[in-house]
Amino acid sequence: MSERGSASLWTDVATVMWKEWRELLSPGRRGSGRSGWLSIAITVGIFGIFLPWQMGLDWVQSPMALVYWGWVPLFLVSGVVADAFAGERERHTLETLLASQLPDNAILLGKLLAAVSYGCLLTVAGLLLGALTVTLAFGQGRLLFYPTLVAVGGAVLCVLASGLAACAGVFVSLRAASVRQAAQTLSIATMLLIFVPVYGLQALPASVRAAGLAWMSRQNSTTVLLAVLLVLAALDALLLAAARLRFQRAKLALNV
Amino acid sequence: MNEIAIHTENLSRHFGDVKAVDGLTLDVPAGAVLGFLGPNGSGKTTTIRLLLGLLQPTAGQASVLGWDTRTQAHEIRWRCGALLEHTGLYERLSAEDNLEFYGRIAHLPATERRARMRELLERAGLWERRREPAGTWSRGMQQKLAVARALLHRPQLLFLDEPTSGLDPEAAAALRDDLERMVQSEGATVFLTTHNLAEAERLCQRVAVIRRGRLLDVGTPQELRARAGGGAVHVELYGRGLDERVLALLQARPEVTSVHPHNDHLQIELRPGSDVAPLVTAVVGAGGQVEEVRKGSASLEEAFLELVREEAPPPSQAASQKEGAR
């Protein structure tokens, strides 16, 4: 039997990620062909070709591109992470997985990182392809790329936003009775994440809003980006801790 | 290896008021195939979950291969293979990928992993179809694949939870053949839950009977049969002319405790230690033409039924017990 220890944790995490990716890329249940690859191609096509072509130079020059770096991974990860535990439970594979040699952390981190890597890889692929599209369509022989702040900040934003969706998704999926229930809960959470700040700001007194905007205008974009990244990092850490607390083998085994 | 593969002492698991496993004390010798028999909802699956450390006991203790199930469950899972209530196969993945995943989990080196996968798939007759999604296979093939997965890392102990349940008779017989062959070639201890008594009789050296979480009896199938019948001798008499007159003659004999006509033969039960020859002589003397005599003790099925025969639990309790075990 192989040696085991803390070093092997990452081997186990990689094993779980390998399985998750195989399932993501596998044909659908009804033998609908390469549905995994197809959905990836459609996603990358929309965010890498269609939208950049529509937006033109703004796609690479406007700081608004950062919204995509944050929103796209949220959307992508939410679409797959509901399946993490609820799917295993629904398809009766969870108990066998729990009865395997995998340690708790490897199962949890493997599923989280598979979702994060899915969101990040597709977002980065879409944005690189987007830069290429804009270059080919509007570059007039010049190579067009994102400003350094957008590229670096966006990459970190992409990882943290993926992490947020993955941690929240795993947290929900651990208890959800079905994938549908987990997906619905996640959809509601995502909508709240978008609409609460928007409508919450509108609900504030005009003077408070004005003071807030005045403060914002005094900050440079780097400070604002850093503040957003810090808030996201804190939320990621909080949700990861909550998911680890919720992952209890005995409770999961009771509910398979 | 320890001489005792599984040791439980007063092991109990309650779900609210329902005692899914109730004071189970049991030893399973290493290398043995133990049949864990019981009606539906009797606590078989819960016992496996307790032994694998997936559930914590309410009371009592258990050790598997010398490791404590409460505190060393991870060590136990490294040394055990399990085919649980469901096959646990990823239906969208190929058979090969299913085994690859569990081979990686067991840290088998790549070359050893591939060789072992080929060995097990060939033995189960599945090698040629290894690239097909497991979900497209018949239930019998899926069960075979799940058994192969459980054996992949050469476990010292194998848990099989009703492996032939839900299979048609042909598929069940084929899987039983495979199981017997695989178990013999691997030399592992096997903890097999089933309510198929023919399966238990064929595969198991020892049998334990559980009902409502309590262990009723344990021993070899022969010991259980002997204890169930109280040593009584069962005789089946085939022939012609086994009419009312012969029946009355047999009923009058002191060693005969019961006689029943059954289809084309008579079923006769004799007191323990009775000799069959004088009985046959008497039947022939009375004009009966005896063609065949079959003698034996109680079947394992009779032994099992005698052990578990008791008034059925109230429906609400039976339902909640099943729910608890899930």
# chains A, B, ... in the order shown; residues from 1 in each chain; ligands from 1
call {"tool": "closest_atom_pairs", "arguments": {"of": "chain A", "to": "chain B", "cutoff": "10 Å", "atoms": "only C-alpha atoms", "output": "tab-separated table"}}
result
residue	atom	partner	partner_atom	distance
A:Met1	CA	B:His107	CA	7.8
A:Ser2	CA	B:His107	CA	6.0
A:Glu3	CA	B:His107	CA	8.5
A:Arg4	CA	B:His107	CA	8.9
A:Ser8	CA	B:His107	CA	8.9
A:Thr11	CA	B:His107	CA	8.5
A:Asp12	CA	B:Ile105	CA	6.4
A:Val13	CA	B:Ile105	CA	9.5
A:Ala14	CA	B:Arg104	CA	9.5
A:Thr15	CA	B:Arg104	CA	6.4
A:Val16	CA	B:Phe101	CA	8.0
A:Trp18	CA	B:Phe101	CA	8.1
A:Lys19	CA	B:Phe101	CA	6.5
A:Arg22	CA	B:Leu93	CA	7.2
A:Glu23	CA	B:Leu93	CA	6.6
A:Leu24	CA	B:Arg92	CA	9.5
A:Leu25	CA	B:Arg92	CA	9.6
A:Ser26	CA	B:Arg92	CA	6.3
A:Pro27	CA	B:Arg92	CA	6.9
A:Gly28	CA	B:Arg92	CA	7.0
A:Arg29	CA	B:Arg92	CA	6.2
A:Arg30	CA	B:Arg92	CA	9.4
A:Gly31	CA	B:Arg92	CA	8.9
A:Glu88	CA	B:Tyr90	CA	8.7
A:Arg89	CA	B:Gly88	CA	9.9
A:Arg91	CA	B:Gly88	CA	7.9
A:His92	CA	B:Gly88	CA	5.7
A:Thr93	CA	B:Gly88	CA	4.0
A:Leu94	CA	B:Gly88	CA	7.1
A:Glu95	CA	B:Gly88	CA	7.2
A:Thr96	CA	B:Gly88	CA	5.4
A:Leu97	CA	B:Gly88	CA	7.6
A:Leu98	CA	B:Leu54	CA	7.4
A:Ala99	CA	B:Arg77	CA	6.5
A:Ser100	CA	B:Arg77	CA	6.0
A:Gln101	CA	B:Trp78	CA	5.2
A:Leu102	CA	B:Ile105	CA	6.4
A:Pro103	CA	B:His74	CA	7.4
A:Asp104	CA	B:His74	CA	9.8
A:Gln248	CA	B:Leu54	CA	9.8
A:Arg249	CA	B:Leu54	CA	6.5
A:Ala250	CA	B:Leu55	CA	5.0
A:Lys251	CA	B:Leu55	CA	8.0
A:Leu252	CA	B:Leu54	CA	8.7
A:Ala253	CA	B:Leu54	CA	6.1
A:Leu254	CA	B:Arg326	CA	6.5
A:Asn255	CA	B:Arg326	CA	7.2
A:Val256	CA	B:Arg326	CA	7.3
call {"tool": "select_by_dssp", "arguments": {"residues": "stretch 2-243 of chain A", "states": "helix (DSSP H, G or I)", "output": "PyMOL selection string"}}
result
chain A and resi 6-25+35-55+58-61+65-81+83-90+94-98+104-138+148-175+179-203+206-218+221-243
call {"tool": "residues_around", "arguments": {"residues": "stretch 135-137 of chain A", "least_positions_apart": "5", "cutoff": "8 Å", "atoms": "only C-alpha atoms", "output": "list in words"}}
result
Trp53, Gly56, Arg142, Leu143, Leu144 and Phe145 of chain A
call {"tool": "write_last_selection", "arguments": {"atoms": "C-alpha atoms", "output": "short mmCIF file (atom, residue, chain, number, x, y, z; two decimals), in the first residue's frame"}}
result
data_model
loop_
_atom_site.label_atom_id
_atom_site.label_comp_id
_atom_site.auth_asym_id
_atom_site.auth_seq_id
_atom_site.Cartn_x
_atom_site.Cartn_y
_atom_site.Cartn_z
CA TRP A 53 -16.96 41.92 -31.64
CA GLY A 56 -15.34 46.79 -30.24
CA ARG A 142 -1.87 46.67 -33.91
CA LEU A 143 -1.98 44.12 -31.13
CA LEU A 144 -4.70 45.21 -28.70
CA PHE A 145 -4.68 43.99 -25.11
#
call {"tool": "closest_residue", "arguments": {"among": "A:Pro63, A:Gly126, A:Pro73, A:Pro205", "to": "A:Pro147", "atoms": "only C-alpha atoms"}}
result
A:Pro63
call {"tool": "residues_around", "arguments": {"residues": "A:Tyr68", "least_positions_apart": "3", "cutoff": "10 Å", "atoms": "only C-alpha atoms", "output": "list in words"}}
result
Phe47, Trp59, Pro63, Met64, Ala65, Trp71, Val72, Pro73, Leu74, Thr123, Leu127, Gly154, Leu157 and Cys158 of chain A
call {"tool": "write_last_selection", "arguments": {"atoms": "N, CA and C atoms", "output": "tab-separated table (two decimals), in the first residue's frame"}}
result
chain	number	residue	atom	x	y	z
A	47	PHE	N	-18.30	34.76	-25.08
A	47	PHE	CA	-17.46	35.73	-24.37
A	47	PHE	C	-16.13	36.01	-25.07
A	59	TRP	N	-14.05	46.80	-25.42
A	59	TRP	CA	-13.83	45.49	-24.78
A	59	TRP	C	-12.46	45.42	-24.11
A	63	PRO	N	-12.39	50.13	-18.39
A	63	PRO	CA	-12.29	49.39	-17.12
A	63	PRO	C	-13.53	48.56	-16.84
A	64	MET	N	-14.59	48.84	-17.62
A	64	MET	CA	-15.82	48.06	-17.44
A	64	MET	C	-15.60	46.57	-17.76
A	65	ALA	N	-14.51	46.29	-18.48
A	65	ALA	CA	-14.18	44.88	-18.77
A	65	ALA	C	-14.04	44.09	-17.48
A	71	TRP	N	-18.08	38.75	-13.32
A	71	TRP	CA	-19.41	38.19	-13.49
A	71	TRP	C	-19.39	36.83	-14.22
A	72	VAL	N	-18.55	36.74	-15.25
A	72	VAL	CA	-18.54	35.50	-16.06
A	72	VAL	C	-18.20	34.26	-15.22
A	73	PRO	N	-17.12	34.29	-14.41
A	73	PRO	CA	-16.85	33.09	-13.61
A	73	PRO	C	-17.96	32.76	-12.62
A	74	LEU	N	-18.60	33.81	-12.07
A	74	LEU	CA	-19.74	33.56	-11.16
A	74	LEU	C	-20.82	32.76	-11.87
A	123	THR	N	-13.10	31.56	-18.39
A	123	THR	CA	-13.10	33.03	-18.42
A	123	THR	C	-11.84	33.55	-19.08
A	127	LEU	N	-11.51	35.67	-22.49
A	127	LEU	CA	-10.95	37.02	-22.54
A	127	LEU	C	-9.73	37.11	-23.46
A	154	GLY	N	-8.00	41.80	-12.99
A	154	GLY	CA	-9.06	40.94	-13.52
A	154	GLY	C	-8.77	39.47	-13.28
A	157	LEU	N	-9.48	38.86	-9.73
A	157	LEU	CA	-10.93	38.94	-9.57
A	157	LEU	C	-11.60	37.65	-10.06
A	158	CYS	N	-11.10	37.16	-11.17
A	158	CYS	CA	-11.65	35.93	-11.76
A	158	CYS	C	-11.51	34.75	-10.79
call {"tool": "closest_residue", "arguments": {"among": "A:Val198, A:Ala165, A:Leu38, A:Val67", "to": "A:Ala183", "atoms": "only C-alpha atoms"}}
result
A:Ala165
call {"tool": "residues_around", "arguments": {"residues": "B:Gly23", "least_positions_apart": "2", "cutoff": "12 Å", "atoms": "only C-alpha atoms", "output": "PyMOL selection string"}}
result
chain B and resi 8-14+19-21+25-26+43+47+57-62+210-216
call {"tool": "closest_residue", "arguments": {"among": "A:Val159, A:Leu128, A:Ala237, A:Cys120", "to": "A:Tyr146", "atoms": "only C-alpha atoms"}}
result
A:Leu128
call {"tool": "atom_distance", "arguments": {"atom1": "atom CA of B:Met141", "atom2": "atom CA of B:Leu175"}}
result
8.6 Å
call {"tool": "atom_distance", "arguments": {"atom1": "atom CA of B:Asp177", "atom2": "atom CA of B:Ala110"}}
result
29.4 Å
call {"tool": "closest_residue", "arguments": {"among": "A:Leu201, A:Phe138, A:Phe171, A:Lys111", "to": "A:Thr185", "atoms": "only C-alpha atoms"}}
result
A:Phe171
call {"tool": "residues_around", "arguments": {"residues": "A:Arg246", "least_positions_apart": "2", "cutoff": "12 Å", "atoms": "only C-alpha atoms", "output": "list in words"}}
result
Phe85, Asp104, Asn105, Leu108, Cys167, Ala168, Val170, Phe171, Val172, Ser173, Leu174, Arg175, Ala176, Leu239, Leu240, Ala241, Ala242, Ala243, Arg244, Gln248, Arg249, Ala250, Lys251 and Leu252 of chain A
